[in-house]
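Peer 1: So here's final04.tsv (TSV, C-alpha atoms).
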```tsv
chain	number	residue	atom	x	y	z
A	80	MET	CA	121.47	-44.67	3.17
A	81	GLU	CA	123.17	-44.33	-0.21
A	82	ALA	CA	123.44	-40.85	-1.66
A	83	SER	CA	121.37	-41.95	-4.69
A	84	LYS	CA	118.59	-43.13	-2.39
A	85	ALA	CA	118.64	-40.10	-0.08
A	86	ILE	CA	115.54	-37.94	0.08
A	87	THR	CA	116.07	-34.21	-0.39
A	88	ARG	CA	114.50	-31.61	1.89
A	89	GLN	CA	112.06	-30.77	-0.91
A	90	GLY	CA	111.29	-34.47	-1.26
A	91	TRP	CA	110.27	-34.59	2.39
A	92	THR	CA	108.11	-31.52	1.79
A	93	ALA	CA	106.39	-33.28	-1.11
A	94	PHE	CA	105.77	-36.42	0.96
A	95	ALA	CA	104.41	-34.38	3.88
A	96	LEU	CA	102.06	-32.48	1.57
A	97	ALA	CA	100.94	-35.75	-0.02
A	98	ALA	CA	100.13	-37.14	3.43
A	99	ALA	CA	98.17	-33.99	4.31
A	100	VAL	CA	96.18	-34.21	1.05
A	101	ILE	CA	95.38	-37.88	1.69
A	102	VAL	CA	94.20	-37.19	5.25
A	103	PHE	CA	92.13	-34.13	4.26
A	104	ASP	CA	90.62	-35.97	1.27
A	105	GLN	CA	89.66	-39.02	3.31
A	106	LEU	CA	88.31	-36.98	6.23
A	107	THR	CA	86.09	-34.86	3.96
A	108	LYS	CA	84.75	-37.98	2.27
A	109	LEU	CA	83.99	-39.59	5.64
A	110	TRP	CA	82.29	-36.39	6.81
A	111	VAL	CA	80.09	-36.17	3.72
A	112	VAL	CA	79.09	-39.84	3.81
A	113	HIS	CA	78.81	-40.48	7.55
A	114	GLY	CA	78.53	-37.02	9.08
A	115	LEU	CA	76.02	-35.66	6.58
A	116	GLY	CA	74.44	-39.02	5.74
A	117	MET	CA	74.95	-38.69	2.00
A	118	THR	CA	75.11	-42.42	1.38
A	119	ARG	CA	73.58	-42.72	-2.09
A	120	PRO	CA	74.36	-41.21	-5.47
A	121	GLY	CA	72.16	-38.22	-6.12
A	122	ASN	CA	71.90	-37.17	-2.46
A	123	LYS	CA	72.23	-33.38	-2.51
A	124	ILE	CA	72.60	-30.55	-0.03
A	125	GLU	CA	72.01	-27.15	-1.59
A	126	LEU	CA	74.36	-24.58	-0.09
A	127	SER	CA	74.37	-21.61	-2.48
A	128	PRO	CA	73.36	-20.65	-6.00
A	129	ILE	CA	76.75	-21.84	-7.31
A	130	PHE	CA	77.88	-24.58	-4.88
A	131	ASP	CA	76.21	-27.72	-3.54
A	132	LEU	CA	77.26	-31.02	-2.06
A	133	THR	CA	76.08	-33.77	-4.42
A	134	MET	CA	76.97	-37.45	-3.92
A	135	VAL	CA	78.43	-39.15	-6.97
A	136	TRP	CA	80.04	-42.58	-7.07
A	137	ASN	CA	82.72	-42.13	-9.71
A	138	ARG	CA	83.88	-45.37	-11.28
A	139	GLY	CA	85.90	-43.58	-13.99
A	140	VAL	CA	89.02	-41.47	-13.55
A	141	SER	CA	89.12	-37.82	-12.45
A	142	PHE	CA	85.87	-36.01	-13.20
A	143	GLY	CA	84.31	-39.29	-14.41
A	144	PHE	CA	86.38	-39.63	-17.56
A	145	ALA	CA	86.73	-43.15	-19.01
A	146	GLY	CA	83.50	-44.38	-17.39
A	147	ASP	CA	82.78	-47.64	-15.61
A	148	HIS	CA	84.32	-50.85	-16.96
A	149	GLY	CA	83.68	-53.08	-13.95
A	150	ALA	CA	86.69	-54.75	-12.39
A	151	LEU	CA	88.98	-53.07	-14.94
A	152	SER	CA	87.89	-49.68	-13.64
A	153	ARG	CA	88.36	-50.61	-10.01
A	154	TRP	CA	91.65	-52.46	-10.14
A	155	GLY	CA	93.13	-51.00	-13.31
A	156	PHE	CA	92.64	-47.40	-12.19
A	157	THR	CA	93.81	-48.27	-8.67
A	158	ILE	CA	97.02	-49.83	-9.94
A	159	PHE	CA	97.55	-47.00	-12.44
A	160	ALA	CA	97.13	-44.37	-9.68
A	161	LEU	CA	99.61	-46.17	-7.44
A	162	ILE	CA	102.16	-46.45	-10.26
A	163	VAL	CA	101.77	-42.74	-11.00
A	164	ALA	CA	102.20	-41.95	-7.29
A	165	ALA	CA	105.34	-44.13	-7.15
A	166	VAL	CA	106.89	-42.48	-10.23
A	167	VAL	CA	106.09	-39.01	-8.91
A	168	GLY	CA	107.43	-40.08	-5.52
A	169	ASP	CA	110.71	-41.06	-7.14
A	170	TRP	CA	110.93	-37.64	-8.80
A	171	ALA	CA	109.99	-35.97	-5.51
A	172	ARG	CA	112.69	-37.69	-3.46
A	173	ARG	CA	115.38	-36.21	-5.76
A	174	ASN	CA	113.74	-32.83	-6.25
A	175	THR	CA	115.41	-29.61	-5.04
A	176	LYS	CA	112.83	-27.01	-6.21
A	177	PRO	CA	110.21	-25.89	-3.64
A	178	SER	CA	107.60	-25.24	-6.34
A	179	LEU	CA	107.97	-28.76	-7.71
A	180	ALA	CA	107.70	-30.19	-4.20
A	181	ILE	CA	104.23	-28.69	-3.99
A	182	CYS	CA	103.27	-30.05	-7.43
A	183	PHE	CA	104.57	-33.52	-6.64
A	184	GLY	CA	102.91	-33.58	-3.22
A	185	LEU	CA	99.53	-32.61	-4.67
A	186	LEU	CA	99.78	-35.24	-7.42
A	187	MET	CA	100.84	-38.04	-5.07
A	188	GLY	CA	98.26	-37.18	-2.42
A	189	GLY	CA	95.43	-36.93	-4.92
A	190	ALA	CA	96.33	-40.16	-6.70
A	191	ILE	CA	96.61	-42.10	-3.44
A	192	GLY	CA	93.45	-40.52	-1.97
A	193	ASN	CA	91.36	-41.71	-4.89
A	194	ALA	CA	93.14	-45.09	-5.00
A	195	ILE	CA	92.12	-45.66	-1.36
A	196	ASP	CA	88.46	-45.16	-2.33
A	197	ARG	CA	88.70	-47.52	-5.30
A	198	PHE	CA	90.39	-50.17	-3.20
A	199	ARG	CA	87.91	-49.89	-0.28
A	200	LEU	CA	84.69	-49.13	-2.12
A	201	GLY	CA	85.11	-49.89	-5.82
A	202	TYR	CA	84.44	-46.25	-6.71
A	203	VAL	CA	85.59	-42.76	-5.79
A	204	VAL	CA	83.40	-40.56	-3.60
A	205	ASP	CA	82.83	-37.21	-5.32
A	206	PHE	CA	80.72	-34.46	-3.77
A	207	LEU	CA	81.94	-30.94	-4.61
A	208	ASP	CA	79.39	-29.59	-7.09
A	209	PHE	CA	79.89	-26.20	-8.74
A	210	SER	CA	77.27	-26.79	-11.45
A	211	GLY	CA	75.64	-23.49	-10.49
A	212	ALA	CA	78.82	-21.85	-11.81
A	213	TYR	CA	78.52	-23.90	-15.02
A	214	PHE	CA	81.25	-26.37	-14.03
A	215	PRO	CA	79.69	-29.68	-15.09
A	216	TRP	CA	81.71	-32.15	-13.01
A	217	VAL	CA	81.35	-33.19	-9.40
A	218	PHE	CA	84.74	-33.81	-7.80
A	219	ASN	CA	86.59	-34.20	-4.48
A	220	ILE	CA	89.70	-32.89	-2.72
A	221	ALA	CA	91.93	-35.52	-4.37
A	222	ASP	CA	90.70	-34.53	-7.85
A	223	ALA	CA	91.34	-30.87	-7.05
A	224	ALA	CA	94.87	-31.68	-5.82
A	225	ILE	CA	95.65	-33.68	-8.97
A	226	THR	CA	94.36	-30.89	-11.20
A	227	VAL	CA	96.22	-28.10	-9.40
A	228	GLY	CA	99.42	-30.18	-9.25
A	229	ALA	CA	99.23	-30.98	-12.97
A	230	VAL	CA	98.54	-27.37	-13.97
A	231	PHE	CA	101.48	-26.10	-11.94
A	232	ILE	CA	103.80	-28.79	-13.30
A	233	LEU	CA	102.88	-27.62	-16.81
A	234	TYR	CA	103.53	-24.05	-15.72
A	235	GLU	CA	106.93	-25.04	-14.29
A	236	ALA	CA	107.79	-26.89	-17.50
A	237	PHE	CA	106.68	-24.31	-20.04
A	238	TRP	CA	106.92	-20.88	-18.40
A	239	PRO	CA	110.72	-20.64	-18.78
A	240	LEU	CA	110.32	-21.29	-22.53
A	241	VAL	CA	107.56	-18.70	-22.85
A	242	ARG	CA	109.54	-16.15	-20.84
A	243	GLU	CA	112.64	-16.77	-22.99
A	244	ARG	CA	110.68	-16.26	-26.21
A	245	LEU	CA	109.03	-13.11	-24.87
A	246	GLU	CA	112.41	-11.72	-23.83
A	247	SER	CA	113.91	-12.64	-27.20
A	248	ALA	CA	111.05	-10.89	-29.04
A	249	ARG	CA	111.47	-7.81	-26.82
A	250	VAL	CA	115.21	-7.65	-27.50
A	251	ARG	CA	114.59	-7.92	-31.26
A	252	GLY	CA	112.07	-5.12	-30.95
A	253	ASN	CA	109.06	-7.15	-32.08
```
Could you rewrite the structure in this file as C-alpha coordinates?

Peer 2:
Amino acid sequence: MEASKAITRQGWTAFALAAAVIVFDQLTKLWVVHGLGMTRPGNKIELSPIFDLTMVWNRGVSFGFAGDHGALSRWGFTIFALIVAAVVGDWARRNTKPSLAICFGLLMGGAIGNAIDRFRLGYVVDFLDFSGAYFPWVFNIADAAITVGAVFILYEAFWPLVRERLESARVRGN
(Lines of atoms letter the chains of each structure in order from A and count residues from 1; the text may use other names and numbers.)
(Lines give C-alpha, C1' and ligand atoms only; values in the text may rest on other atoms or scores of the structure.)
Protein backbone atom coordinates (compact mmCIF):
# COMPACT_ATOMS: atom_id res chain seq x y z
CA MET A 1 0.00 0.00 0.00
CA GLU A 2 1.32 3.45 -0.90
CA ALA A 3 2.17 5.77 1.96
CA SER A 4 -0.43 8.28 0.70
CA LYS A 5 -3.11 5.58 0.81
CA ALA A 6 -2.13 4.16 4.21
CA ILE A 7 -4.64 4.38 7.02
CA THR A 8 -3.37 5.84 10.29
CA ARG A 9 -4.04 4.23 13.66
CA GLN A 10 -6.56 7.00 14.37
CA GLY A 11 -8.15 6.33 10.99
CA TRP A 12 -8.73 2.72 12.00
CA THR A 13 -10.23 3.97 15.26
CA ALA A 14 -12.63 6.21 13.33
CA PHE A 15 -13.67 3.35 11.03
CA ALA A 16 -14.19 0.98 13.97
CA LEU A 17 -16.32 3.57 15.77
CA ALA A 18 -18.32 4.18 12.58
CA ALA A 19 -19.00 0.44 12.30
CA ALA A 20 -20.10 0.31 15.95
CA VAL A 21 -22.46 3.27 15.44
CA ILE A 22 -23.96 1.65 12.34
CA VAL A 23 -24.53 -1.67 14.12
CA PHE A 24 -25.98 -0.04 17.27
CA ASP A 25 -28.20 2.27 15.19
CA GLN A 26 -29.56 -0.55 13.04
CA LEU A 27 -30.08 -2.91 15.98
CA THR A 28 -32.02 -0.30 17.96
CA LYS A 29 -34.21 0.43 14.95
CA LEU A 30 -34.89 -3.28 14.43
CA TRP A 31 -35.70 -3.68 18.14
CA VAL A 32 -38.15 -0.77 18.13
CA VAL A 33 -39.92 -1.87 14.94
CA HIS A 34 -39.88 -5.66 15.30
CA GLY A 35 -39.21 -6.25 18.99
CA LEU A 36 -41.64 -3.64 20.28
CA GLY A 37 -44.01 -3.80 17.30
CA MET A 38 -43.88 -0.07 16.59
CA THR A 39 -44.63 -0.44 12.89
CA ARG A 40 -46.58 2.72 12.15
CA PRO A 41 -45.90 6.43 12.57
CA GLY A 42 -47.45 7.70 15.76
CA ASN A 43 -47.04 4.43 17.69
CA LYS A 44 -45.90 5.49 21.16
CA ILE A 45 -44.62 3.86 24.32
CA GLU A 46 -44.64 6.22 27.29
CA LEU A 47 -41.62 5.59 29.50
CA SER A 48 -41.25 8.66 31.71
CA PRO A 49 -42.44 12.25 32.01
CA ILE A 50 -39.57 13.40 29.77
CA PHE A 51 -38.79 10.41 27.50
CA ASP A 52 -40.93 8.20 25.27
CA LEU A 53 -40.46 5.97 22.27
CA THR A 54 -42.48 7.45 19.40
CA MET A 55 -42.36 6.07 15.85
CA VAL A 56 -41.68 8.65 13.16
CA TRP A 57 -40.89 7.95 9.53
CA ASN A 58 -38.51 10.77 8.67
CA ARG A 59 -38.28 11.50 4.96
CA GLY A 60 -36.26 14.70 5.51
CA VAL A 61 -32.72 15.01 6.84
CA SER A 62 -31.69 14.91 10.51
CA PHE A 63 -34.53 15.91 12.82
CA GLY A 64 -36.91 16.13 9.83
CA PHE A 65 -35.35 19.20 8.25
CA ALA A 66 -35.95 19.70 4.51
CA GLY A 67 -39.16 17.63 4.52
CA ASP A 68 -40.36 15.02 2.05
CA HIS A 69 -39.73 15.57 -1.65
CA GLY A 70 -40.48 12.05 -2.88
CA ALA A 71 -37.74 10.29 -4.80
CA LEU A 72 -35.46 13.32 -4.39
CA SER A 73 -35.62 12.89 -0.62
CA ARG A 74 -34.93 9.18 -0.74
CA TRP A 75 -32.17 9.01 -3.31
CA GLY A 76 -30.79 12.54 -3.05
CA PHE A 77 -30.35 12.37 0.72
CA THR A 78 -28.99 8.82 0.47
CA ILE A 79 -26.37 9.83 -2.09
CA PHE A 80 -25.53 13.00 -0.15
CA ALA A 81 -25.04 11.01 3.08
CA LEU A 82 -22.76 8.53 1.33
CA ILE A 83 -20.70 11.33 -0.23
CA VAL A 84 -20.35 12.98 3.19
CA ALA A 85 -19.31 9.64 4.71
CA ALA A 86 -16.74 9.13 1.93
CA VAL A 87 -15.24 12.61 2.37
CA VAL A 88 -15.10 12.21 6.15
CA GLY A 89 -13.63 8.74 5.63
CA ASP A 90 -10.86 10.24 3.53
CA TRP A 91 -10.10 12.74 6.29
CA ALA A 92 -10.26 9.95 8.87
CA ARG A 93 -7.77 7.69 7.10
CA ARG A 94 -5.11 10.45 7.28
CA ASN A 95 -6.03 11.71 10.74
CA THR A 96 -3.56 11.48 13.66
CA LYS A 97 -5.62 13.13 16.45
CA PRO A 98 -7.61 10.80 18.74
CA SER A 99 -10.31 13.41 19.35
CA LEU A 100 -10.90 13.84 15.61
CA ALA A 101 -11.05 10.06 15.17
CA ILE A 102 -14.06 10.05 17.47
CA CYS A 103 -15.69 12.95 15.61
CA PHE A 104 -15.10 11.35 12.22
CA GLY A 105 -16.31 7.94 13.38
CA LEU A 106 -19.55 9.40 14.76
CA LEU A 107 -20.20 11.37 11.57
CA MET A 108 -19.51 8.45 9.24
CA GLY A 109 -21.50 5.96 11.31
CA GLY A 110 -24.49 8.26 11.63
CA ALA A 111 -24.54 9.19 7.95
CA ILE A 112 -24.31 5.56 6.84
CA GLY A 113 -26.84 4.37 9.45
CA ASN A 114 -29.48 6.75 8.13
CA ALA A 115 -28.50 6.07 4.50
CA ILE A 116 -29.19 2.36 5.08
CA ASP A 117 -32.73 3.21 6.20
CA ARG A 118 -33.37 5.47 3.21
CA PHE A 119 -32.07 2.85 0.82
CA ARG A 120 -34.05 -0.04 2.38
CA LEU A 121 -37.23 1.74 3.44
CA GLY A 122 -37.42 5.13 1.73
CA TYR A 123 -37.39 6.90 5.10
CA VAL A 124 -35.40 7.00 8.32
CA VAL A 125 -36.78 5.33 11.44
CA ASP A 126 -36.80 7.83 14.32
CA PHE A 127 -38.06 6.93 17.78
CA LEU A 128 -36.21 8.73 20.60
CA ASP A 129 -38.68 11.32 21.89
CA PHE A 130 -37.65 13.83 24.56
CA SER A 131 -40.64 16.13 23.99
CA GLY A 132 -41.38 15.97 27.72
CA ALA A 133 -38.10 17.86 28.17
CA TYR A 134 -39.22 20.39 25.55
CA PHE A 135 -37.00 18.96 22.81
CA PRO A 136 -39.36 19.02 19.81
CA TRP A 137 -37.69 16.49 17.50
CA VAL A 138 -37.84 12.72 17.48
CA PHE A 139 -34.50 11.22 16.47
CA ASN A 140 -32.41 8.03 16.44
CA ILE A 141 -28.90 6.86 17.34
CA ALA A 142 -27.51 7.90 13.93
CA ASP A 143 -28.89 11.44 14.33
CA ALA A 144 -27.38 11.66 17.81
CA ALA A 145 -24.00 10.47 16.49
CA ILE A 146 -24.06 13.03 13.67
CA THR A 147 -24.96 15.83 16.06
CA VAL A 148 -22.33 14.94 18.67
CA GLY A 149 -19.67 14.44 15.98
CA ALA A 150 -20.47 17.80 14.37
CA VAL A 151 -20.47 19.67 17.70
CA PHE A 152 -17.10 18.22 18.67
CA ILE A 153 -15.60 18.97 15.25
CA LEU A 154 -16.66 22.60 15.73
CA TYR A 155 -15.12 22.51 19.19
CA GLU A 156 -11.87 21.08 17.78
CA ALA A 157 -11.83 23.74 15.06
CA PHE A 158 -12.64 26.80 17.15
CA TRP A 159 -11.46 26.13 20.72
CA PRO A 160 -7.78 26.79 19.93
CA LEU A 161 -8.74 30.20 18.51
CA VAL A 162 -10.89 31.03 21.54
CA ARG A 163 -8.18 29.87 23.94
CA GLU A 164 -5.57 31.96 22.09
CA ARG A 165 -7.74 35.09 22.28
CA LEU A 166 -8.49 34.52 25.95
CA GLU A 167 -4.79 34.08 26.70
CA SER A 168 -3.94 37.17 24.66
CA ALA A 169 -6.54 39.24 26.55
CA ARG A 170 -5.19 37.92 29.88
CA VAL A 171 -1.62 38.84 28.96
CA ARG A 172 -2.73 42.36 27.95
CA GLY A 173 -4.53 42.65 31.28
CA ASN A 174 -8.02 43.02 29.82

Peer 1: Neighbours of Lys176 of chain A within 12 Å (all atoms listed in the file; same-chain residues fewer than 5 positions away dropped), as a PDB file with C-alpha atoms, keeping the file's coordinate frame?

Peer 2:
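That gives us around_0.pdb:
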```pdb
ATOM      1  CA  THR A  87     116.070 -34.210  -0.390  1.00  0.00           C
ATOM      2  CA  ARG A  88     114.500 -31.610   1.890  1.00  0.00           C
ATOM      3  CA  GLN A  89     112.060 -30.770  -0.910  1.00  0.00           C
ATOM      4  CA  GLY A  90     111.290 -34.470  -1.260  1.00  0.00           C
ATOM      5  CA  TRP A  91     110.270 -34.590   2.390  1.00  0.00           C
ATOM      6  CA  THR A  92     108.110 -31.520   1.790  1.00  0.00           C
ATOM      7  CA  ALA A  93     106.390 -33.280  -1.110  1.00  0.00           C
ATOM      8  CA  TRP A 170     110.930 -37.640  -8.800  1.00  0.00           C
ATOM      9  CA  ALA A 171     109.990 -35.970  -5.510  1.00  0.00           C
ATOM     10  CA  ILE A 181     104.230 -28.690  -3.990  1.00  0.00           C
ATOM     11  CA  CYS A 182     103.270 -30.050  -7.430  1.00  0.00           C
ATOM     12  CA  PHE A 183     104.570 -33.520  -6.640  1.00  0.00           C
ATOM     13  CA  ILE A 232     103.800 -28.790 -13.300  1.00  0.00           C
ATOM     14  CA  GLU A 235     106.930 -25.040 -14.290  1.00  0.00           C
TER      15      GLU A 235
END
```

Peer 1: Excluding segment 120-124 of chain A and its own-chain neighbours fewer than 3 positions away, which residues fall within 7 Å of it when counting all atoms listed in the file? Please give them as an MDAnalysis selection string.

Peer 2: chainID A and resid 117 131:136

Peer 1: Residues as selected, C-alpha atoms, written as a PDB file, in the coordinates of the input, can you do that?

Peer 2:
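Written file, again-v4.pdb:
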```
ATOM      1  CA  MET A 117      74.950 -38.690   2.000  1.00  0.00           C
ATOM      2  CA  ASP A 131      76.210 -27.720  -3.540  1.00  0.00           C
ATOM      3  CA  LEU A 132      77.260 -31.020  -2.060  1.00  0.00           C
ATOM      4  CA  THR A 133      76.080 -33.770  -4.420  1.00  0.00           C
ATOM      5  CA  MET A 134      76.970 -37.450  -3.920  1.00  0.00           C
ATOM      6  CA  VAL A 135      78.430 -39.150  -6.970  1.00  0.00           C
ATOM      7  CA  TRP A 136      80.040 -42.580  -7.070  1.00  0.00           C
TER       8      TRP A 136
END
```

Peer 1: Could you name the residues that touch Ile162 of chain A at 12 Å or less, counting all atoms listed in the file, but leaving out those on the same chain fewer than 4 positions away, as a ChimeraX atom specification?

Peer 2: /A:155-158,166-169,186-187,190-191,194

Peer 1: Using the selection just defined, write its residues with C-alpha atoms as a CSV table (one decimal), keeping the file's coordinate frame.

Peer 2:
```csv
chain,number,residue,atom,x,y,z
A,155,GLY,CA,93.1,-51.0,-13.3
A,156,PHE,CA,92.6,-47.4,-12.2
A,157,THR,CA,93.8,-48.3,-8.7
A,158,ILE,CA,97.0,-49.8,-9.9
A,166,VAL,CA,106.9,-42.5,-10.2
A,167,VAL,CA,106.1,-39.0,-8.9
A,168,GLY,CA,107.4,-40.1,-5.5
A,169,ASP,CA,110.7,-41.1,-7.1
A,186,LEU,CA,99.8,-35.2,-7.4
A,187,MET,CA,100.8,-38.0,-5.1
A,190,ALA,CA,96.3,-40.2,-6.7
A,191,ILE,CA,96.6,-42.1,-3.4
A,194,ALA,CA,93.1,-45.1,-5.0
```

Peer 1: A:Arg197, A:Arg138, A:Lys108, A:Arg242: which is nearest Ala160 of chain A, counting only C-alpha atoms?

Peer 2: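 For Ala160 of chain A, the nearest of the given residues is A:Arg197.
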
Peer 1: Residues within 9 Å of Leu185 of chain A, please, as a ChimeraX atom specification. Count only C-alpha atoms; anything in the same chain fewer than 6 positions from it doesn't count.

Peer 2: /A:93,96-97,100,221,223-229

Peer 1: Could you check the closest approach to Leu126 of chain A for each of A:Ile195, A:Leu233, A:Leu207, A:Leu109 and tell me which residue wins, using only C-alpha atoms?

Peer 2: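 Counting only C-alpha atoms, the residue closest to Leu126 of chain A is A:Leu207.
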
Peer 1: Identify which of the residues A:Ile129, A:Gly116, A:Ala98, A:Ile86 lies closest to Ser210 of chain A, counting only C-alpha atoms when measuring atom-to-atom distances.

Peer 2: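 Closest to Ser210 of chain A, using only C-alpha atoms: A:Ile129.
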
Peer 1: Just give me the gap between atom CA of Leu245 of chain A and atom CA of Pro177 of chain A in Å, one decimal is fine.

Peer 2: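 Pair atom CA of Leu245 of chain A / atom CA of Pro177 of chain A returns 24.8 Å.
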
Peer 1: What's the separation between atom CA of Trp216 of chain A and atom CA of Asp104 of chain A, in Å to one decimal place?

Peer 2: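 Here the two named atoms are 17.3 Å from each other.
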